[in-house]
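Reviewing the structure listed below.
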Amino acid sequence: MSSSSSSSSNISSSSGTSELSMSSSPKREVLMLRIFLYLVYTTQAVVATYLPLYFLDKGFSASQIGVIYSCGPFISIFANLIFGTASDKFRTIQKIMTLLMLGQLVMISMLFMTNTFAVICVIMLAYYFFQMPVNPLSDSLILLSSRYTGTPFALIRVFGSLGFALSAFLGGQLLKSVGSPATIPLAMSTIALTLLISLTLKDYQGSKRKVDFSGFLNLLRKPDILIYFAIIFILSVAHRMNEGFLGVTLREMGASDSLIGLAWMTSAISEIPILYLLGKYGHKFKELPLLAIAGVMYALRFFLISEMPSPIWIIPIQAMHSVTFGIFMVTALRYLTTIIPDEFRSSGQAVYAIVWSGFAGVVSGTVGGVIYQHYGSSTFFLTATGLSLVASAAFMVKHYFSRDH
């Protein structure tokens, strides 16, 4: 059994008996968290799946779209630090989440006003400033809520997958009928609903001790933690390359918006059984070997995309999202709880997000965009394959080194 369950129980025992009684309506709290996650990932499906196609229809090239999508990850490096440390300092996630939703709504509405590439880059930079911290903060909120509600992380997070799946498919059907200009109003609607639900969320707190951020900085200097984040970065670049350019690849192969939506829906639905199983039984397995398995499956997935003869093959390939991202996301966060103390939970999640979506997003968008533009989609996805294999091997080396010491 992994050490995460024992560390969680130790944390709970020191601060948790009285905290558990604070939750007078755990079913309602879990329901609101699930609705919130559903809507958050509904918006992300629209932005990740159809906004690149919206820009493509505006006449932007693949490399320009890569720049647009790397602007956001670049600013997220600062945004995650700012909002993550603010959450720990002021001991609130709910109020910050509401602010983030309001900022997203304002920024996405400004896309109505311009078709100029430079201005769109600035708007998307500001949009991602408010969007990127949402995932790590919502993960923190769910992880902290589990001691109050008794509901495992994966059994709440699975509703994000459901929201992404349905939105990817239904959004494709809608946009097929009314056209890509409807992408912006659709995103505004889902963000507005998420903003309203954020007002109903309950704040869950970690340790009541004053947070000493010098202790957190000392944690980040430990070689074990630095190596872990370095490996996460390598695999994250491969994942972000696929996420940013899969829709463009399929469109260039002649796929319709509805087929692209179906592909994204397949990937999101495939997460659901894996998230359920990991929520029930994941604690029985060591984290690093599981991450190594996810890396191998990522490599196979990207290799198959590089050799794909027809866009229809993307449907079964996208089902591999279950054993790639599904395993990776839950297991990486679970391992993080074993190396980052609870009082630094939001800050630790922020650093993870900076690596996962910030640095990796910048590299995948800029360097990946150049590779895609000059060498084509096959070389692009073979590069992602190689990165995945490197990460998988590194996870196993780290596992054996940690075991021997």
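Ligands are numbered from 1 in the order shown, residues from 1 within each chain, and chains are lettered A, B, ... in the order they appear in the structure tokens.
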
| request: Tell me which protein, DNA and RNA residues are within 10 Å of Met329 (chain A), counting only C-alpha atoms, leaving out same-chain ones fewer than 5 positions away, and put them as a ChimeraX atom specification. | output: /A:154,275,291,294,324,334

| Skipping near chain neighbours, those fewer than 2 positions away, what residues fall within 9 Å of region 386-398 of chain A using only C-alpha atoms, listed as a PyMOL selection string? | chain A and resi 224+227-228+231-239+288-300+302+381-384+400-403

| request: Pull the helix (DSSP H, G or I) assignments for region 24-267 of chain A out of DSSP run on the backbone, and list those residues as a PyMOL selection string. | output: chain A and resi 26-57+62-90+94-113+117-131+134-149+153-178+180-198+213-220+223-252+257-267

Check which residues of region 203-304 of chain A sit at most 12 Å from region 30-54 of chain A using only C-alpha atoms, and return one row each with the closest pair of atoms and their distance in Å to one decimal, ordered by chain and rising number, as a Markdown table.
```
| residue | atom | partner | partner_atom | distance |
| --- | --- | --- | --- | --- |
| A:Asp203 | CA | A:Leu33 | CA | 11.0 |
| A:Tyr204 | CA | A:Leu33 | CA | 11.7 |
| A:Arg240 | CA | A:Ala48 | CA | 10.5 |
| A:Met241 | CA | A:Ala48 | CA | 12.0 |
| A:Asn242 | CA | A:Ala48 | CA | 10.9 |
| A:Glu243 | CA | A:Ala48 | CA | 7.2 |
| A:Gly244 | CA | A:Ala48 | CA | 7.2 |
| A:Phe245 | CA | A:Pro52 | CA | 8.3 |
| A:Leu246 | CA | A:Thr49 | CA | 8.7 |
| A:Gly247 | CA | A:Thr49 | CA | 6.5 |
| A:Val248 | CA | A:Leu53 | CA | 6.9 |
| A:Thr249 | CA | A:Leu53 | CA | 10.5 |
| A:Leu250 | CA | A:Leu53 | CA | 10.4 |
| A:Arg251 | CA | A:Leu53 | CA | 8.1 |
| A:Glu252 | CA | A:Leu53 | CA | 10.7 |
| A:Ala255 | CA | A:Leu53 | CA | 11.5 |
| A:Ser256 | CA | A:Leu53 | CA | 10.6 |
| A:Asp257 | CA | A:Tyr50 | CA | 8.1 |
| A:Ser258 | CA | A:Tyr50 | CA | 10.4 |
| A:Leu259 | CA | A:Thr49 | CA | 11.2 |
| A:Ile260 | CA | A:Thr49 | CA | 7.7 |
| A:Gly261 | CA | A:Thr49 | CA | 7.1 |
| A:Leu262 | CA | A:Thr49 | CA | 10.4 |
| A:Ala263 | CA | A:Thr49 | CA | 9.7 |
| A:Trp264 | CA | A:Thr49 | CA | 7.3 |
| A:Met265 | CA | A:Ala45 | CA | 8.9 |
| A:Ser267 | CA | A:Ala45 | CA | 11.1 |
| A:Ala268 | CA | A:Ala45 | CA | 9.4 |
```

Please produce an output containing N, CA and C atoms for each residue in the selection, written as a tab-separated table (two decimals), in the first residue's frame.
```tsv
chain	number	residue	atom	x	y	z
A	203	ASP	N	-15.71	26.76	1.97
A	203	ASP	CA	-14.27	26.75	2.11
A	203	ASP	C	-13.84	25.63	3.04
A	204	TYR	N	-12.84	24.85	2.61
A	204	TYR	CA	-12.23	23.83	3.47
A	204	TYR	C	-10.80	24.25	3.71
A	240	ARG	N	0.62	18.04	-23.52
A	240	ARG	CA	0.16	19.34	-24.00
A	240	ARG	C	0.32	19.46	-25.52
A	241	MET	N	1.33	18.82	-26.08
A	241	MET	CA	1.47	18.82	-27.54
A	241	MET	C	0.22	18.21	-28.18
A	242	ASN	N	-0.21	17.08	-27.66
A	242	ASN	CA	-1.40	16.43	-28.18
A	242	ASN	C	-2.64	17.28	-27.97
A	243	GLU	N	-2.78	17.84	-26.79
A	243	GLU	CA	-3.96	18.63	-26.46
A	243	GLU	C	-4.09	19.86	-27.35
A	244	GLY	N	-2.96	20.52	-27.62
A	244	GLY	CA	-3.00	21.76	-28.38
A	244	GLY	C	-3.20	21.58	-29.88
A	245	PHE	N	-2.75	20.43	-30.42
A	245	PHE	CA	-2.72	20.30	-31.88
A	245	PHE	C	-3.52	19.12	-32.42
A	246	LEU	N	-4.17	18.35	-31.56
A	246	LEU	CA	-4.96	17.24	-32.07
A	246	LEU	C	-6.10	17.72	-32.96
A	247	GLY	N	-6.83	18.74	-32.51
A	247	GLY	CA	-7.95	19.26	-33.30
A	247	GLY	C	-7.50	19.79	-34.65
A	248	VAL	N	-6.36	20.49	-34.66
A	248	VAL	CA	-5.82	21.02	-35.91
A	248	VAL	C	-5.43	19.88	-36.84
A	249	THR	N	-4.81	18.83	-36.28
A	249	THR	CA	-4.41	17.66	-37.07
A	249	THR	C	-5.62	17.00	-37.72
A	250	LEU	N	-6.66	16.80	-36.91
A	250	LEU	CA	-7.86	16.14	-37.43
A	250	LEU	C	-8.54	17.00	-38.50
A	251	ARG	N	-8.58	18.30	-38.29
A	251	ARG	CA	-9.19	19.19	-39.28
A	251	ARG	C	-8.43	19.12	-40.60
A	252	GLU	N	-7.09	19.09	-40.53
A	252	GLU	CA	-6.28	19.02	-41.75
A	252	GLU	C	-6.44	17.68	-42.46
A	255	ALA	N	-11.45	15.94	-41.01
A	255	ALA	CA	-12.47	15.61	-40.01
A	255	ALA	C	-13.44	16.77	-39.82
A	256	SER	N	-14.70	16.46	-39.58
A	256	SER	CA	-15.71	17.47	-39.28
A	256	SER	C	-15.62	17.87	-37.81
A	257	ASP	N	-16.26	19.00	-37.45
A	257	ASP	CA	-16.28	19.43	-36.05
A	257	ASP	C	-16.97	18.39	-35.17
A	258	SER	N	-17.98	17.72	-35.70
A	258	SER	CA	-18.69	16.73	-34.90
A	258	SER	C	-17.81	15.52	-34.62
A	259	LEU	N	-16.97	15.12	-35.59
A	259	LEU	CA	-16.05	14.01	-35.36
A	259	LEU	C	-14.98	14.41	-34.34
A	260	ILE	N	-14.51	15.63	-34.44
A	260	ILE	CA	-13.52	16.12	-33.46
A	260	ILE	C	-14.13	16.15	-32.07
A	261	GLY	N	-15.38	16.61	-31.97
A	261	GLY	CA	-16.07	16.60	-30.69
A	261	GLY	C	-16.26	15.20	-30.15
A	262	LEU	N	-16.59	14.25	-31.04
A	262	LEU	CA	-16.76	12.86	-30.63
A	262	LEU	C	-15.45	12.28	-30.12
A	263	ALA	N	-14.34	12.68	-30.74
A	263	ALA	CA	-13.02	12.21	-30.29
A	263	ALA	C	-12.72	12.69	-28.88
A	264	TRP	N	-12.98	13.96	-28.62
A	264	TRP	CA	-12.74	14.50	-27.27
A	264	TRP	C	-13.71	13.89	-26.26
A	265	MET	N	-14.94	13.65	-26.68
A	265	MET	CA	-15.91	13.03	-25.78
A	265	MET	C	-15.45	11.61	-25.41
A	267	SER	N	-12.43	10.48	-25.22
A	267	SER	CA	-11.32	10.54	-24.27
A	267	SER	C	-11.83	10.84	-22.86
A	268	ALA	N	-12.76	11.78	-22.75
A	268	ALA	CA	-13.25	12.16	-21.42
A	268	ALA	C	-14.08	11.04	-20.79
```

| Pick from A:Phe359, A:Phe74, A:Phe169, A:Phe90, whichever lies nearest to Phe129 (chain A) using only C-alpha atoms |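 Of A:Phe359, A:Phe74, A:Phe169, A:Phe90, the one nearest Phe129 (chain A), counting only C-alpha atoms, is A:Phe74.
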
Do a neighbour search on Ile274 (chain A) at 9 Å with only C-alpha atoms, toss out local chain neighbours closer than 4 positions, and write the hits as a PDB file with C-alpha atoms, in the first residue's frame.
```
ATOM      1  CA  SER A 270     -12.858   6.787 -20.970  1.00  0.00           C
ATOM      2  CA  LEU A 278      -8.509   4.489  -8.710  1.00  0.00           C
ATOM      3  CA  GLY A 279     -10.824   6.104  -6.162  1.00  0.00           C
ATOM      4  CA  SER A 322      -8.203   6.363 -19.701  1.00  0.00           C
ATOM      5  CA  VAL A 323      -4.883   4.586 -19.164  1.00  0.00           C
ATOM      6  CA  GLY A 326      -6.672   9.092 -16.164  1.00  0.00           C
ATOM      7  CA  ILE A 327      -3.905   7.202 -14.378  1.00  0.00           C
TER       8      ILE A 327
END
```
